[in-house]
Amino acid sequence: MGITEFLAAYITRFMNETGYITVVVAMAMESMIFPVPSEAVMPFAGFLVADGKFSFAGVICFSVLGSMIGSLLSYAIGYYGGRPFVIKFGKYLLLDHSELEATERFFSKYGEAAIFICRFIPVIRHLISIPAGLAKMNVLRFSIFTFLGAGLWNSILTISGFYLWKNWTVIMKYSKIADIAVVLILLFLIFIFIARHLKKGHK
């Protein structure tokens with residue numbers, strides 16, 4: 001069994017055994033500043049939809065619920081804690097100040113629409129709720145934009161996973177190429193993680 005096949009089997013088995021709660025928790029973390037990318041969660045939920053273990057409606061409902069929980073918690077941190085609080089305690093949650101500043105610039109440039117747009121942009125989507133809270137954005141409008149963005153993005157990833165599973169036999173014919181791609185991605189993520197911490201250490 002190759003790396004790709006092993007990861008797919010392990011993650012889908014874990015999600016199947018734990019149920020929708022894993023989707024809720026993972027997407028809540030993804031919508032905060034934790035390094036849990038939705039691309040590593042939702043396609044596997046799509047696998048389980050294709051296998052008849054999850055329903056598409058269930059996956060979308062619970063994933064959006066998780067996204068809303070995480071986003072509103074981050075919004076509250078920005079709204080009630082303010083920038084000093086975020087800067088002081090964010091470091092304990094691996095918050096990168098330069099990434100936060102970039103996200104704040106993104107929010108300043110696009111305004112409330114950034115809450116929707118950012119759902120399709122890596123890194124920024126993890127942090128965008130904090131600038132919205134700092135700016136005291138109307139919580140109802142924030143919730144609507146988050147709901148729409150998360151719903152669309154989570155649906156795209158789930159559908160992608162559904163069709164990947166339907167064509168898994170064909171994909172596994174190229175498993176060696178997929179394994180190499182997975183290893184390269186993992187090495188890249190490790191490099192980024194180390195680089196970020198070395199950067200913090202020199203500040």
# chains A, B, ... in the order shown; residues from 1 in each chain; ligands from 1

call {"tool": "residues_around", "arguments": {"residues": "Ser31 in chain A", "least_positions_apart": "3", "cutoff": "7 Å", "atoms": "only C-alpha atoms", "output": "short mmCIF file (atom, residue, chain, number, x, y, z; two decimals) with C-alpha atoms, in the first residue's frame"}}
result
data_model
loop_
_atom_site.label_atom_id
_atom_site.label_comp_id
_atom_site.auth_asym_id
_atom_site.auth_seq_id
_atom_site.Cartn_x
_atom_site.Cartn_y
_atom_site.Cartn_z
CA MET A 27 -13.63 22.73 10.25
CA ALA A 28 -13.94 24.79 13.44
CA SER A 67 -16.84 26.77 10.04
CA GLY A 70 -14.57 28.63 14.48
CA SER A 71 -15.18 31.88 12.62
CA ARG A 125 -9.19 32.17 5.43
CA HIS A 126 -7.77 30.96 8.76
#

call {"tool": "closest_atom_pairs", "arguments": {"of": "range 1-90 of chain A", "to": "range 145-153 of chain A", "cutoff": "7 Å", "atoms": "only C-alpha atoms", "output": "Markdown table"}}
result
| residue | atom | partner | partner_atom | distance |
| --- | --- | --- | --- | --- |
| A:Ile60 | CA | A:Gly151 | CA | 6.8 |
| A:Val64 | CA | A:Gly151 | CA | 5.8 |
| A:Ser67 | CA | A:Ala150 | CA | 6.5 |
| A:Met68 | CA | A:Phe147 | CA | 6.8 |

call {"tool": "write_last_selection", "arguments": {"atoms": "C-alpha atoms", "output": "compact mmCIF listing (two decimals), in the first residue's frame"}}
result
# COMPACT_ATOMS: atom_id res chain seq x y z
CA ILE A 60 -22.27 20.20 4.24
CA VAL A 64 -20.60 24.71 7.76
CA SER A 67 -16.84 26.77 10.04
CA MET A 68 -19.36 29.06 11.72

call {"tool": "closest_residue", "arguments": {"among": "A:Ala50, A:Ala113, A:Leu100, A:Thr22", "to": "Asn167 in chain A", "atoms": "only C-alpha atoms"}}
result
A:Ala50

call {"tool": "closest_atom_pairs", "arguments": {"of": "range 46-77 of chain A", "to": "range 11-20 of chain A", "cutoff": "9 Å", "atoms": "only C-alpha atoms", "output": "Markdown table"}}
result
| residue | atom | partner | partner_atom | distance |
| --- | --- | --- | --- | --- |
| A:Phe47 | CA | A:Thr12 | CA | 7.2 |
| A:Leu48 | CA | A:Thr12 | CA | 6.8 |
| A:Lys53 | CA | A:Asn16 | CA | 7.0 |
| A:Phe54 | CA | A:Asn16 | CA | 8.0 |
| A:Gly58 | CA | A:Tyr20 | CA | 7.7 |
| A:Val59 | CA | A:Tyr20 | CA | 7.0 |
| A:Phe62 | CA | A:Tyr20 | CA | 6.5 |
| A:Ser63 | CA | A:Tyr20 | CA | 8.2 |

call {"tool": "write_last_selection", "arguments": {"atoms": "N, CA and C atoms", "output": "PDB file, in the first residue's frame"}}
result
ATOM      1  N   PHE A  47     -15.281  11.241   0.117  1.00  0.00           N
ATOM      2  CA  PHE A  47     -15.047   9.808  -0.073  1.00  0.00           C
ATOM      3  C   PHE A  47     -16.164   9.006   0.608  1.00  0.00           C
ATOM      4  N   LEU A  48     -16.483   9.416   1.844  1.00  0.00           N
ATOM      5  CA  LEU A  48     -17.487   8.690   2.624  1.00  0.00           C
ATOM      6  C   LEU A  48     -18.892   8.895   2.072  1.00  0.00           C
ATOM      7  N   LYS A  53     -21.451   6.139   3.401  1.00  0.00           N
ATOM      8  CA  LYS A  53     -21.336   6.201   4.861  1.00  0.00           C
ATOM      9  C   LYS A  53     -21.830   7.549   5.412  1.00  0.00           C
ATOM     10  N   PHE A  54     -21.614   8.604   4.657  1.00  0.00           N
ATOM     11  CA  PHE A  54     -22.105   9.946   5.004  1.00  0.00           C
ATOM     12  C   PHE A  54     -23.095  10.387   3.935  1.00  0.00           C
ATOM     13  N   GLY A  58     -25.587  15.999   5.098  1.00  0.00           N
ATOM     14  CA  GLY A  58     -25.007  15.939   6.436  1.00  0.00           C
ATOM     15  C   GLY A  58     -23.614  16.529   6.482  1.00  0.00           C
ATOM     16  N   VAL A  59     -22.793  16.180   5.496  1.00  0.00           N
ATOM     17  CA  VAL A  59     -21.423  16.692   5.441  1.00  0.00           C
ATOM     18  C   VAL A  59     -21.413  18.210   5.325  1.00  0.00           C
ATOM     19  N   PHE A  62     -22.831  19.914   8.686  1.00  0.00           N
ATOM     20  CA  PHE A  62     -21.921  19.841   9.825  1.00  0.00           C
ATOM     21  C   PHE A  62     -20.608  20.578   9.555  1.00  0.00           C
ATOM     22  N   SER A  63     -20.151  20.577   8.310  1.00  0.00           N
ATOM     23  CA  SER A  63     -18.920  21.309   8.004  1.00  0.00           C
ATOM     24  C   SER A  63     -19.140  22.815   8.118  1.00  0.00           C
TER      25      SER A  63
END

call {"tool": "atom_distance", "arguments": {"atom1": "CA of Pro43 in chain A", "atom2": "CA of Cys61 in chain A"}}
result
15.0 Å

call {"tool": "closest_residue", "arguments": {"among": "A:Leu140, A:Pro122, A:Arg105, A:Glu99", "to": "Ile87 in chain A", "atoms": "only C-alpha atoms"}}
result
A:Glu99

call {"tool": "residues_around", "arguments": {"residues": "Ile77 in chain A", "least_positions_apart": "4", "cutoff": "10 Å", "atoms": "only C-alpha atoms", "output": "ChimeraX atom specification"}}
result
/A:71-73,81-83,85-86,129-131,133-134

call {"tool": "write_last_selection", "arguments": {"atoms": "N, CA and C atoms", "output": "PDB file, in the first residue's frame"}}
result
ATOM      1  N   SER A  71     -15.220  30.491  13.081  1.00  0.00           N
ATOM      2  CA  SER A  71     -15.182  31.877  12.616  1.00  0.00           C
ATOM      3  C   SER A  71     -15.723  32.850  13.665  1.00  0.00           C
ATOM      4  N   LEU A  72     -16.818  32.474  14.311  1.00  0.00           N
ATOM      5  CA  LEU A  72     -17.407  33.346  15.330  1.00  0.00           C
ATOM      6  C   LEU A  72     -16.529  33.449  16.568  1.00  0.00           C
ATOM      7  N   LEU A  73     -15.829  32.361  16.903  1.00  0.00           N
ATOM      8  CA  LEU A  73     -14.899  32.420  18.037  1.00  0.00           C
ATOM      9  C   LEU A  73     -13.746  33.377  17.724  1.00  0.00           C
ATOM     10  N   GLY A  81     -11.352  41.193  22.472  1.00  0.00           N
ATOM     11  CA  GLY A  81      -9.981  41.234  22.966  1.00  0.00           C
ATOM     12  C   GLY A  81      -9.179  42.396  22.418  1.00  0.00           C
ATOM     13  N   GLY A  82      -9.461  42.771  21.181  1.00  0.00           N
ATOM     14  CA  GLY A  82      -8.707  43.862  20.568  1.00  0.00           C
ATOM     15  C   GLY A  82      -7.345  43.399  20.089  1.00  0.00           C
ATOM     16  N   ARG A  83      -6.662  44.267  19.367  1.00  0.00           N
ATOM     17  CA  ARG A  83      -5.373  43.901  18.782  1.00  0.00           C
ATOM     18  C   ARG A  83      -4.314  43.536  19.842  1.00  0.00           C
ATOM     19  N   PHE A  85      -4.627  42.064  22.684  1.00  0.00           N
ATOM     20  CA  PHE A  85      -4.914  40.715  23.158  1.00  0.00           C
ATOM     21  C   PHE A  85      -4.490  39.686  22.115  1.00  0.00           C
ATOM     22  N   VAL A  86      -4.839  39.961  20.846  1.00  0.00           N
ATOM     23  CA  VAL A  86      -4.498  39.042  19.754  1.00  0.00           C
ATOM     24  C   VAL A  86      -2.991  38.890  19.633  1.00  0.00           C
ATOM     25  N   SER A 129     -11.382  36.257  10.134  1.00  0.00           N
ATOM     26  CA  SER A 129     -12.410  36.578  11.129  1.00  0.00           C
ATOM     27  C   SER A 129     -11.893  37.537  12.199  1.00  0.00           C
ATOM     28  N   ILE A 130     -10.588  37.475  12.479  1.00  0.00           N
ATOM     29  CA  ILE A 130     -10.016  38.352  13.504  1.00  0.00           C
ATOM     30  C   ILE A 130     -10.074  39.817  13.092  1.00  0.00           C
ATOM     31  N   PRO A 131      -9.623  40.195  11.872  1.00  0.00           N
ATOM     32  CA  PRO A 131      -9.758  41.592  11.436  1.00  0.00           C
ATOM     33  C   PRO A 131     -11.211  42.059  11.394  1.00  0.00           C
ATOM     34  N   GLY A 133     -13.544  41.113  13.434  1.00  0.00           N
ATOM     35  CA  GLY A 133     -13.875  41.430  14.820  1.00  0.00           C
ATOM     36  C   GLY A 133     -13.223  42.710  15.274  1.00  0.00           C
ATOM     37  N   LEU A 134     -11.952  42.902  14.896  1.00  0.00           N
ATOM     38  CA  LEU A 134     -11.239  44.127  15.258  1.00  0.00           C
ATOM     39  C   LEU A 134     -11.934  45.353  14.683  1.00  0.00           C
TER      40      LEU A 134
END

call {"tool": "residues_around", "arguments": {"residues": "range 39-42 of chain A", "least_positions_apart": "4", "cutoff": "8 Å", "atoms": "only C-alpha atoms", "output": "mmCIF file with N, CA and C atoms, in the first residue's frame"}}
result
data_model
loop_
_atom_site.group_PDB
_atom_site.id
_atom_site.type_symbol
_atom_site.label_atom_id
_atom_site.label_comp_id
_atom_site.auth_asym_id
_atom_site.auth_seq_id
_atom_site.Cartn_x
_atom_site.Cartn_y
_atom_site.Cartn_z
ATOM 1 N N VAL A 23 -15.835 16.183 11.452
ATOM 2 C CA VAL A 23 -16.004 17.234 10.451
ATOM 3 C C VAL A 23 -16.230 18.574 11.143
ATOM 4 N N ALA A 26 -12.859 19.629 13.032
ATOM 5 C CA ALA A 26 -11.797 19.958 12.080
ATOM 6 C C ALA A 26 -12.070 21.277 11.368
ATOM 7 N N MET A 27 -13.308 21.503 10.971
ATOM 8 C CA MET A 27 -13.632 22.731 10.252
ATOM 9 C C MET A 27 -13.688 23.936 11.184
ATOM 10 N N GLY A 46 -16.020 13.625 1.358
ATOM 11 C CA GLY A 46 -16.615 13.294 0.063
ATOM 12 C C GLY A 46 -16.424 11.825 -0.280
ATOM 13 N N ASN A 154 -16.866 24.411 0.992
ATOM 14 C CA ASN A 154 -16.971 23.054 1.526
ATOM 15 C C ASN A 154 -17.677 22.122 0.538
ATOM 16 N N LEU A 157 -15.168 21.144 -2.282
ATOM 17 C CA LEU A 157 -14.198 20.141 -1.831
ATOM 18 C C LEU A 157 -14.858 18.771 -1.633
ATOM 19 N N THR A 158 -16.077 18.769 -1.125
ATOM 20 C CA THR A 158 -16.789 17.503 -0.911
ATOM 21 C C THR A 158 -17.109 16.826 -2.234
ATOM 22 N N GLY A 161 -13.987 15.318 -3.663
ATOM 23 C CA GLY A 161 -13.688 14.046 -3.010
ATOM 24 C C GLY A 161 -14.600 12.927 -3.484
#

call {"tool": "residues_around", "arguments": {"residues": "Asp51 in chain A", "least_positions_apart": "6", "cutoff": "9 Å", "atoms": "only C-alpha atoms", "output": "PyMOL selection string"}}
result
chain A and resi 162+165-166
